[in-house]
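Student: One structure, as structure tokens, below. Some questions next.
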Amino acid sequence: MSLLDIRVPAVLLRIDRNPFHHGTLGAVRTLGRAGVEVHVIADSAGSPHTRSRFVTDTHSPPAPGASTAEIAAVLRRVAARIGRRSVLIPMDDASAIAVCRLGAELAYGYLLPDQPVGLAERVADKAELATLCGRVGVPHPVTLVPDSVAQTAAFAWQLGLPLVAKWSRPWRVPGGSGLRSTMVVHSPEEAQALFRRTEEAGSRLLLQAYLPPGPDRDWFFHGYVDRAGVVRGGGPGRKQRAWPRGAGLTTVGCWTPNPEVQALAERLVGALGFRGVFDLDFRRDGTTHAYHLLDFNPRPGAQFRLFTDTAGVDVVRALHLDLTRRPIPDGDPLPGRDFVVENYAPLAALRPRRGREFAWHARDDLAPSFALWALWCRHAARSLSDRRPAPEVRIVRQAGAPASPPSSTSLPSPTSPTPPTD
């Protein structure tokens with residue numbers, strides 16, 4: 001008999017167009033292995049998750065930047081196709097925010113946590129998060145939000161350099177813009193250049209005190225808050241490697257007991273009345289040793305499968321169990337388990353270790369791993385091609401031709417900079 005109620009399908013929603021999102025595959029596998037019918041609403045063109053034997057069906061996602069009404073239309077269409085109420089699981093911030101807004105409207109076709117309206121958007125907004133942390137007494141880096149170019153420079157000097165620049169609503173940053181959700185800047189001029197792109201980014205720029213990375217300083221916490229407000233199915237983890245280095249996604253992480261991080265996480269979600277799956281990122285201040293909250297993701301983190309206990313429960317399974325009114329068994333934690341994202345940490349992946357969870361490889365589901373490496377090689381080849389320097393222009397003078405230089409209109413001067421492209 002399955003631990004989960006296999007009569008109730010699950011629908012995974014991801015608006016972000018990222019073929020390398022291993023969290024989606026992790027959710028597909030953990031539910032599919034339990035016998036649950038899994039539907040995926042995501043960009044599936046070439047994505048390895050489509051090759052999983054645990055996917056029941058894939059559906060076209062809303063377009064990037066879709067309105068809440070457009071997202072609702074897609075979800076209604078999928079609900080009609082499935083014909084039964086399903087557990088809906090957002091896999092990125094944009095999806096989580098839309099689902100939180102649409103909770104009452106979607107109740108006819110989907111099972112959802114009883115989340116306070118608008119809370120997902122407030123915790124995902126980096127500026128709002130700083131305010132919330134201040135209210136509940138959770139440490140957070142000093143954060144300032146400038147309203148002019150001049151104030152941007154003044155705040156940069158006030159915070160000290162380097163500092164961290166973030167877009168308050170990173171899910172609005174348009175793809176292909178070259179803008180990143182989080183950047184380390186080293187001068188007031190860099191910060192001012194970012195501020196001038198505020199309209200393009202679609203949200204406010206905020207400046208944050210820089211907490212340097214270091215050994216044992218980066219931590220995360222995953223959990224699920226059930227109907228009674230109890231945190232279940234997760235735990236604290238130590239980020240051992242990341243991409244980019246010192247920031248970004250976890251490429252190697254380890255389940256590591258940390259009562260202080262756990263207490264901060266439980267206090268925060270309790271004070272906010274949060275319900276559902278969450279993923280928090282912390283950094284320990286090397287001077288004060290306080291753990292500062294950096295990010296609050298109101299959905300499963302990509303490495304959530306690291307936290308699978310002795311009862312086989314992780315945060316995604318806990319969500320399905322709770323929403324289908326099944327008890328969540330009390331398994332014991334398994335500290336020491338680690339998680340490796342093979343395409344970002346290939347050398348770590350080659351070192352054998354008991355209790356390891358891979359992002360892509362699984363003995364009972366090999367096809368996604370093969371698809372990942374084929375896609376990754378194409379991605380790497382394109383990246384190398386984009387970085388390749390332009391070929392040297394050689395001028396061959398034909399016999400009898402005058403040895404005069406080309407006109408300034410036919411070739412650029414070798415000392416002049418290449419003009420930027422639009």
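Labeling convention for the structure tokens: chains A, B, ... as they appear, residues from 1 per chain, ligands from 1 in order of appearance.
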Can you list, as a ChimeraX atom specification, every residue of segment 76-309 of chain A that DSSP puts in strand (DSSP E)?

Tutor: /A:86-90,110-111,143-144,163-167,182-185,205-209,218-225,231-243,249-255,276-284,291-297

Student: Env of Leu159 of chain A: 10 Å cut, atoms = only C-alpha atoms, seq-sep filter 2 positions within chain, self excluded. Answer as number ranges by chain.

Tutor: A: 142-144, 154-157, 161-164, 207-210

Student: In terms of the shortest atom-to-atom distance over only C-alpha atoms, which of A:Gly160, A:Ile97, A:Pro213, A:Ala72 is closest to Arg245 of chain A?

Tutor: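 The shortest atom-to-atom distance to Arg245 of chain A comes from A:Pro213.
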
Student: Do you know which residues are at most 9 Å from His39 of chain A counting only C-alpha atoms, after dropping those on the same chain fewer than 2 positions away, and could you put them as a list in words?

Tutor: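 My list of contacting residues is Pro9, Ala10, Val11, Leu12, Leu13, Val28, Glu37, Ile41, Val55, Thr56, Asp57, Thr58, His59, Val78 and Ile82 of chain A.
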
Student: Mind writing the picked residues with N, CA and C atoms as an mmCIF file, in the first residue's frame?

Tutor:
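This is the output file again18.cif:
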```cif
data_model
loop_
_atom_site.group_PDB
_atom_site.id
_atom_site.type_symbol
_atom_site.label_atom_id
_atom_site.label_comp_id
_atom_site.auth_asym_id
_atom_site.auth_seq_id
_atom_site.Cartn_x
_atom_site.Cartn_y
_atom_site.Cartn_z
ATOM 1 N N PRO A 9 -4.151 13.020 -8.107
ATOM 2 C CA PRO A 9 -2.987 13.379 -8.914
ATOM 3 C C PRO A 9 -2.265 14.593 -8.337
ATOM 4 N N ALA A 10 -1.081 14.837 -8.869
ATOM 5 C CA ALA A 10 -0.320 16.039 -8.530
ATOM 6 C C ALA A 10 -0.016 16.797 -9.810
ATOM 7 N N VAL A 11 -0.058 18.136 -9.717
ATOM 8 C CA VAL A 11 0.265 19.004 -10.851
ATOM 9 C C VAL A 11 1.407 19.914 -10.426
ATOM 10 N N LEU A 12 2.509 19.850 -11.155
ATOM 11 C CA LEU A 12 3.658 20.715 -10.903
ATOM 12 C C LEU A 12 3.597 21.878 -11.884
ATOM 13 N N LEU A 13 3.707 23.097 -11.362
ATOM 14 C CA LEU A 13 3.627 24.303 -12.188
ATOM 15 C C LEU A 13 4.943 25.058 -12.113
ATOM 16 N N VAL A 28 8.873 15.194 -9.525
ATOM 17 C CA VAL A 28 8.293 14.145 -10.372
ATOM 18 C C VAL A 28 8.614 12.770 -9.797
ATOM 19 N N GLU A 37 -0.093 9.966 -9.835
ATOM 20 C CA GLU A 37 -0.124 10.444 -11.221
ATOM 21 C C GLU A 37 0.414 11.876 -11.243
ATOM 22 N N ILE A 41 3.257 21.170 -15.745
ATOM 23 C CA ILE A 41 3.010 22.360 -16.572
ATOM 24 C C ILE A 41 4.308 23.156 -16.568
ATOM 25 N N VAL A 55 6.594 10.667 -15.227
ATOM 26 C CA VAL A 55 5.725 11.734 -15.715
ATOM 27 C C VAL A 55 4.509 11.128 -16.411
ATOM 28 N N THR A 56 3.330 11.504 -15.971
ATOM 29 C CA THR A 56 2.105 11.034 -16.611
ATOM 30 C C THR A 56 1.801 11.828 -17.868
ATOM 31 N N ASP A 57 1.917 13.158 -17.787
ATOM 32 C CA ASP A 57 1.621 14.005 -18.935
ATOM 33 C C ASP A 57 2.278 15.366 -18.722
ATOM 34 N N THR A 58 2.580 16.029 -19.831
ATOM 35 C CA THR A 58 3.111 17.392 -19.771
ATOM 36 C C THR A 58 2.120 18.333 -20.453
ATOM 37 N N HIS A 59 2.106 19.590 -19.998
ATOM 38 C CA HIS A 59 1.170 20.586 -20.497
ATOM 39 C C HIS A 59 1.927 21.885 -20.755
ATOM 40 N N VAL A 78 -5.967 22.601 -17.604
ATOM 41 C CA VAL A 78 -5.351 21.353 -17.142
ATOM 42 C C VAL A 78 -6.282 20.618 -16.185
ATOM 43 N N ILE A 82 -7.652 16.738 -16.577
ATOM 44 C CA ILE A 82 -7.429 15.671 -15.599
ATOM 45 C C ILE A 82 -8.758 15.138 -15.074
#
```

Student: Here is a test: counting only C-alpha atoms, which residue of A:Leu132, A:Val99, A:Val225, A:Ala150 is nearest to Asp295 of chain A?

Tutor: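 Of the candidates, the smallest distance to Asp295 of chain A is held by A:Leu132.
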
Student: If we count only C-alpha atoms, what is near Pro368 of chain A at a cut-off of 6 Å, once residues fewer than 6 positions away on the same chain are taken out, given as a PyMOL selection string?

Tutor: chain A and resi 48-49+51-52

Student: Save out the residues we just selected, N, CA, C and O atoms, as a PDB file, in the first residue's frame.

Tutor:
```pdb
ATOM      1  N   PRO A  48      15.154  17.572 -19.393  1.00  0.00           N
ATOM      2  CA  PRO A  48      15.312  16.167 -18.996  1.00  0.00           C
ATOM      3  C   PRO A  48      14.129  15.590 -18.234  1.00  0.00           C
ATOM      4  O   PRO A  48      13.913  14.375 -18.279  1.00  0.00           O
ATOM      5  N   HIS A  49      13.356  16.424 -17.534  1.00  0.00           N
ATOM      6  CA  HIS A  49      12.257  15.857 -16.742  1.00  0.00           C
ATOM      7  C   HIS A  49      11.221  15.162 -17.613  1.00  0.00           C
ATOM      8  O   HIS A  49      10.523  14.258 -17.147  1.00  0.00           O
ATOM      9  N   ARG A  51      11.726  13.093 -19.870  1.00  0.00           N
ATOM     10  CA  ARG A  51      12.145  11.723 -20.153  1.00  0.00           C
ATOM     11  C   ARG A  51      11.895  10.785 -18.976  1.00  0.00           C
ATOM     12  O   ARG A  51      12.113   9.588 -19.095  1.00  0.00           O
ATOM     13  N   SER A  52      11.480  11.334 -17.851  1.00  0.00           N
ATOM     14  CA  SER A  52      11.267  10.492 -16.679  1.00  0.00           C
ATOM     15  C   SER A  52      10.089   9.547 -16.885  1.00  0.00           C
ATOM     16  O   SER A  52       9.037   9.947 -17.396  1.00  0.00           O
TER      17      SER A  52
END
```

Student: Select, from A:Leu25, A:Cys133, A:Val261, A:Ala104, the residue with the minimum atom-to-atom distance to Gln303 of chain A, counting only C-alpha atoms.

Tutor: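 The closest residue to Gln303 of chain A is A:Leu25.
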
Student: Taking into account only C-alpha atoms, which residue in the set A:Gly223, A:Gly301, A:Pro212, A:Pro90 is nearest to Ala120 of chain A?

Tutor: A:Pro90

Student: Distance atom CA of Arg135 of chain A-atom CA of Leu280 of chain A, one decimal place?

Tutor: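 Atom CA of Leu280 of chain A lies 17.3 Å from atom CA of Arg135 of chain A.
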
Student: Expressed in Å to a single decimal, how great is the separation between atom CA of Ala69 of chain A and atom CA of Val38 of chain A?

Tutor: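 Value for the atom CA of Ala69 of chain A-atom CA of Val38 of chain A distance: 23.9 Å.
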
Student: So which one's closest to Asp314 of chain A, A:Gly26, A:Gly273, A:Pro64, A:Gly336? Using only C-alpha atoms, please.

Tutor: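 For Asp314 of chain A, the nearest of the given residues is A:Gly26.
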